[in-house]
Amino acid sequence: MNSVMVFFRITGGLLGLLVETLYWCKASFSNSEKVFAQLYIIGNQTLPVGALIALFSGGVLALQAGPTLAQFGLEENVGGLVGLSLVKEIGPIMASILIAGRVGSAMTAELASMSVYEEIDALKTMDINPVRYLVMPRFIATVIALPVLVIYMDVIGWFGGAVVSVVNPEVHLSFDVYYRNLAELVDFTAVMNGLIKAMFFGVIISIVSCYVGLKTKGGPREIGSSVTKAVVMSFVLVLVSDYYITRILLFLNLD
Amino acid sequence: MERKIQEQHTNNDLLGTISSAQENGSGRVLLDYLKCAAVGVKIDNIKRSFGDNYVLRGVTLDIEPGETVVILGKSGSGKSVLLRHIIGLECPDSGQICVAGEDINDPDFKKNHVLAMVFQSSALFNSLTVAENVALYLREHKVFTDESRIKEIVSSALDIVGLQGQKDVMPSMISGGMKRRVAAARALVMNPDIVLFDEPTAGLDPMMTRTMGDLICDLKHKVEITQIVVTHDIDLAFYVADRIAILSEGCILEVGTPQQIRGSTNSAVMDFIKPQFE
């Protein structure tokens, strides 16, 4: 019973924070400096690692799928397979895991530290809404940055797959064949599919990270456990919601 | 008393208090900005429990406009919880707190009154410089559209607390005492009706303790602002207070002027205020 109550309390808290954050998005233009600052932090923390992860993920997809397809004489389809896998699933999921691990954890740690050291209380006494001042810029920045990061990682992942397809003697494709097949199979709808997912994942990661951070009480030890809790919760919610978002997109013929 | 404070200032180079700032004219900007509309506080039978722990068991206290009241009590007596109720960070289980006759939980209360608090931990924002911390309220509430006016007020406030040279420094680079004074400057620029101090001298050396005490006294005499100070520092309490309220186990034991408290016959009060080492 206690666990059920905790589940409903957390779910209610997350939805409440989401609604309040959406309400405060009306102040996003007057707080654009804070949003850009958060975008800069997210970009700074994720672009180099994102490139590395995407390059090797694209490469390993080509490495695994290429020889198998070549056995059936279908090796020219490697480009499409790598391209579709990246834009629809692997790109959004990898980018989300990267953002949750690097950016979400930092958000939780920062807000948890502010909660523990009375900075959130100080904001309230100054009649500055913590959701407007702290959560809304992080929310908007994450929702914008995650789809952009997905596009960036998709492009680098495609290149990784292309390099492996060209270099691997079992596949031995040319760049031209690889990219022509990729362009045939990866259409605008497929790309949008991944970007829609990424936006939802951005909502989940930013709200979970900020919620857990703001609810932290106690001392430095609780800051650490809050970070772990936020990252695990983000991973689980991203992966579970991925299934349901895919179902909805299939239902709407967008997949 | 005022002359006594000024004499102390001249003996202490660290003190950048209102008197010295006024002498060179730099603190005048903030003093002119502060509206000095002192208001009274009425705390009426406040009760609050956390689970089975009854922290406040019916606290009643009247604070006159412009008065400096020190709430004195040992650790765990409910002092900080009471302060958090007065500033509106906590809601009581029962009872009412009114400032200038208005319930602090009324939706319109914050439109009419500003309460500022100096936290025990200072609660400065580590990502902002000292000056940005002090200017935060003015910028977020767009009190002035003119950025030069904000800089002028911030500069004046930092001058009053003796930290003019530290405005571009990050909070992590300054000492605990300096942080506490930045927090006081941040509270002052809010142009508050009431300033609340939560353990203003906790963890400070004797010199910094004196600096904070002088700052509170100066605010009392020069700005005539209502102040509520929560502390277990008996020396500070007797130095700054117009009246002292002794809080013990969630109840006010006694309220009176420092002289009345010193002459109290209540054994619990006597035990609390007697010298620690004889």
# chains A, B, ... in the order shown; residues from 1 in each chain; ligands from 1
>>> interface_residues(of="chain B", to="chain A", cutoff="7 Å", atoms="only C-alpha atoms", output="list in words")
Ile87, Ala116, Met117, Ser121, Ala123, Leu124, Phe125 and Tyr137 of chain B
>>> residues_around(residues="region 36-41 of chain B", least_positions_apart="2", cutoff="7 Å", atoms="only C-alpha atoms", output="PyMOL selection string")
chain B and resi 34+43+62-66+98-100+193+223-226
>>> residues_around(residues="Tyr23 (chain A)", least_positions_apart="5", cutoff="12 Å", atoms="only C-alpha atoms", output="number ranges by chain")
A: 16-18, 28, 129, 131-132, 135-136, 139
>>> write_last_selection(atoms="C-alpha atoms", output="PDB file, in the first residue's frame")
ATOM      1  CA  GLY A  16       1.973  18.863 -11.422  1.00  0.00           C
ATOM      2  CA  LEU A  17       5.490  20.092 -12.199  1.00  0.00           C
ATOM      3  CA  LEU A  18       4.914  19.506 -15.929  1.00  0.00           C
ATOM      4  CA  SER A  28      10.244  31.968 -22.029  1.00  0.00           C
ATOM      5  CA  ASN A 129       8.989  31.270  -8.618  1.00  0.00           C
ATOM      6  CA  VAL A 131       9.698  26.708 -11.545  1.00  0.00           C
ATOM      7  CA  ARG A 132       9.888  29.829 -13.696  1.00  0.00           C
ATOM      8  CA  VAL A 135      12.814  24.521 -14.234  1.00  0.00           C
ATOM      9  CA  MET A 136      11.308  26.288 -17.261  1.00  0.00           C
ATOM     10  CA  PHE A 139      12.774  22.208 -19.737  1.00  0.00           C
TER      11      PHE A 139
END
>>> atom_distance(atom1="CA of Gly78 (chain B)", atom2="CA of Leu56 (chain B)")
6.3 Å
>>> atom_distance(atom1="CA of Gln71 (chain A)", atom2="CA of Asp187 (chain A)")
26.7 Å
>>> residues_around(residues="region 10-12 of chain A", least_positions_apart="3", cutoff="12 Å", atoms="only C-alpha atoms", output="PyMOL selection string")
chain A and resi 3-7+15-19+204+207-208+211-212+215+230+233+237
>>> atom_distance(atom1="CA of Ile151 (chain A)", atom2="CA of Pro92 (chain A)")
8.9 Å
>>> select_by_dssp(residues="region 96-168 of chain B", states="strand (DSSP E or B)", output="PyMOL selection string")
chain B and resi 96-99+102-103+115-118
>>> write_last_selection(atoms="N, CA and C atoms", output="PDB file, in the first residue's frame")
ATOM      1  N   GLN B  96      -2.509  31.930  13.365  1.00  0.00           N
ATOM      2  CA  GLN B  96      -2.446  32.919  12.291  1.00  0.00           C
ATOM      3  C   GLN B  96      -1.260  33.863  12.513  1.00  0.00           C
ATOM      4  N   ILE B  97      -0.652  34.274  11.416  1.00  0.00           N
ATOM      5  CA  ILE B  97       0.406  35.291  11.504  1.00  0.00           C
ATOM      6  C   ILE B  97      -0.019  36.467  10.634  1.00  0.00           C
ATOM      7  N   CYS B  98      -0.087  37.640  11.252  1.00  0.00           N
ATOM      8  CA  CYS B  98      -0.486  38.835  10.505  1.00  0.00           C
ATOM      9  C   CYS B  98       0.655  39.847  10.506  1.00  0.00           C
ATOM     10  N   VAL B  99       0.865  40.451   9.343  1.00  0.00           N
ATOM     11  CA  VAL B  99       1.832  41.546   9.226  1.00  0.00           C
ATOM     12  C   VAL B  99       1.035  42.776   8.824  1.00  0.00           C
ATOM     13  N   GLU B 102      -2.519  42.113   8.036  1.00  0.00           N
ATOM     14  CA  GLU B 102      -2.866  41.211   6.916  1.00  0.00           C
ATOM     15  C   GLU B 102      -2.296  39.822   7.161  1.00  0.00           C
ATOM     16  N   ASP B 103      -3.130  38.813   6.956  1.00  0.00           N
ATOM     17  CA  ASP B 103      -2.675  37.429   7.100  1.00  0.00           C
ATOM     18  C   ASP B 103      -1.610  37.150   6.034  1.00  0.00           C
ATOM     19  N   LEU B 115       8.858  40.696   2.758  1.00  0.00           N
ATOM     20  CA  LEU B 115       9.604  40.193   3.912  1.00  0.00           C
ATOM     21  C   LEU B 115      10.910  39.597   3.393  1.00  0.00           C
ATOM     22  N   ALA B 116      12.008  39.977   3.997  1.00  0.00           N
ATOM     23  CA  ALA B 116      13.307  39.461   3.545  1.00  0.00           C
ATOM     24  C   ALA B 116      13.930  38.637   4.655  1.00  0.00           C
ATOM     25  N   MET B 117      14.680  37.629   4.257  1.00  0.00           N
ATOM     26  CA  MET B 117      15.284  36.743   5.258  1.00  0.00           C
ATOM     27  C   MET B 117      16.759  36.527   4.955  1.00  0.00           C
ATOM     28  N   VAL B 118      17.548  36.586   6.000  1.00  0.00           N
ATOM     29  CA  VAL B 118      18.974  36.245   5.898  1.00  0.00           C
ATOM     30  C   VAL B 118      19.116  34.838   6.471  1.00  0.00           C
TER      31      VAL B 118
END
>>> closest_atom_pairs(of="region 102-212 of chain A", to="region 36-43 of chain A", cutoff="9 Å", atoms="only C-alpha atoms", output="tab-separated table")
residue	atom	partner	partner_atom	distance
A:Arg102	CA	A:Ile42	CA	8.5
A:Val103	CA	A:Ile42	CA	6.2
A:Pro137	CA	A:Gln38	CA	6.8
A:Arg138	CA	A:Gln38	CA	6.0
A:Ile140	CA	A:Leu39	CA	8.7
A:Ala141	CA	A:Leu39	CA	5.1
A:Thr142	CA	A:Leu39	CA	7.3
A:Ile144	CA	A:Leu39	CA	8.1
A:Ala145	CA	A:Leu39	CA	6.6
A:Leu149	CA	A:Gly43	CA	8.2
>>> residues_around(residues="Ser226 (chain A)", least_positions_apart="6", cutoff="8 Å", atoms="only C-alpha atoms", output="MDAnalysis selection string")
chainID A and resid 108:109 112 212:213 216
>>> residues_around(residues="Gly203 (chain B)", least_positions_apart="3", cutoff="10 Å", atoms="only C-alpha atoms", output="PyMOL selection string")
chain B and resi 120-121+176-177+199-200+206+208-209
>>> closest_residue(among="B:Ser127, B:Gly213, B:Val70, B:Asn112", to="Leu111 (chain A)", atoms="only C-alpha atoms")
B:Ser127
>>> residues_around(residues="Val164 (chain A)", least_positions_apart="5", cutoff="7 Å", atoms="only C-alpha atoms", output="ChimeraX atom specification")
/A:59,62-63
>>> closest_residue(among="B:Val189, B:Val143, B:Ile234, B:Met173", to="Asp32 (chain B)", atoms="only C-alpha atoms")
B:Val189
>>> closest_residue(among="A:Gly83, A:Gly73, A:Gly219, A:Gly13", to="Tyr178 (chain A)", atoms="only C-alpha atoms")
A:Gly83
>>> closest_residue(among="A:Phe72, A:Phe8, A:Phe201, A:Phe188", to="Tyr243 (chain A)", atoms="only C-alpha atoms")
A:Phe201
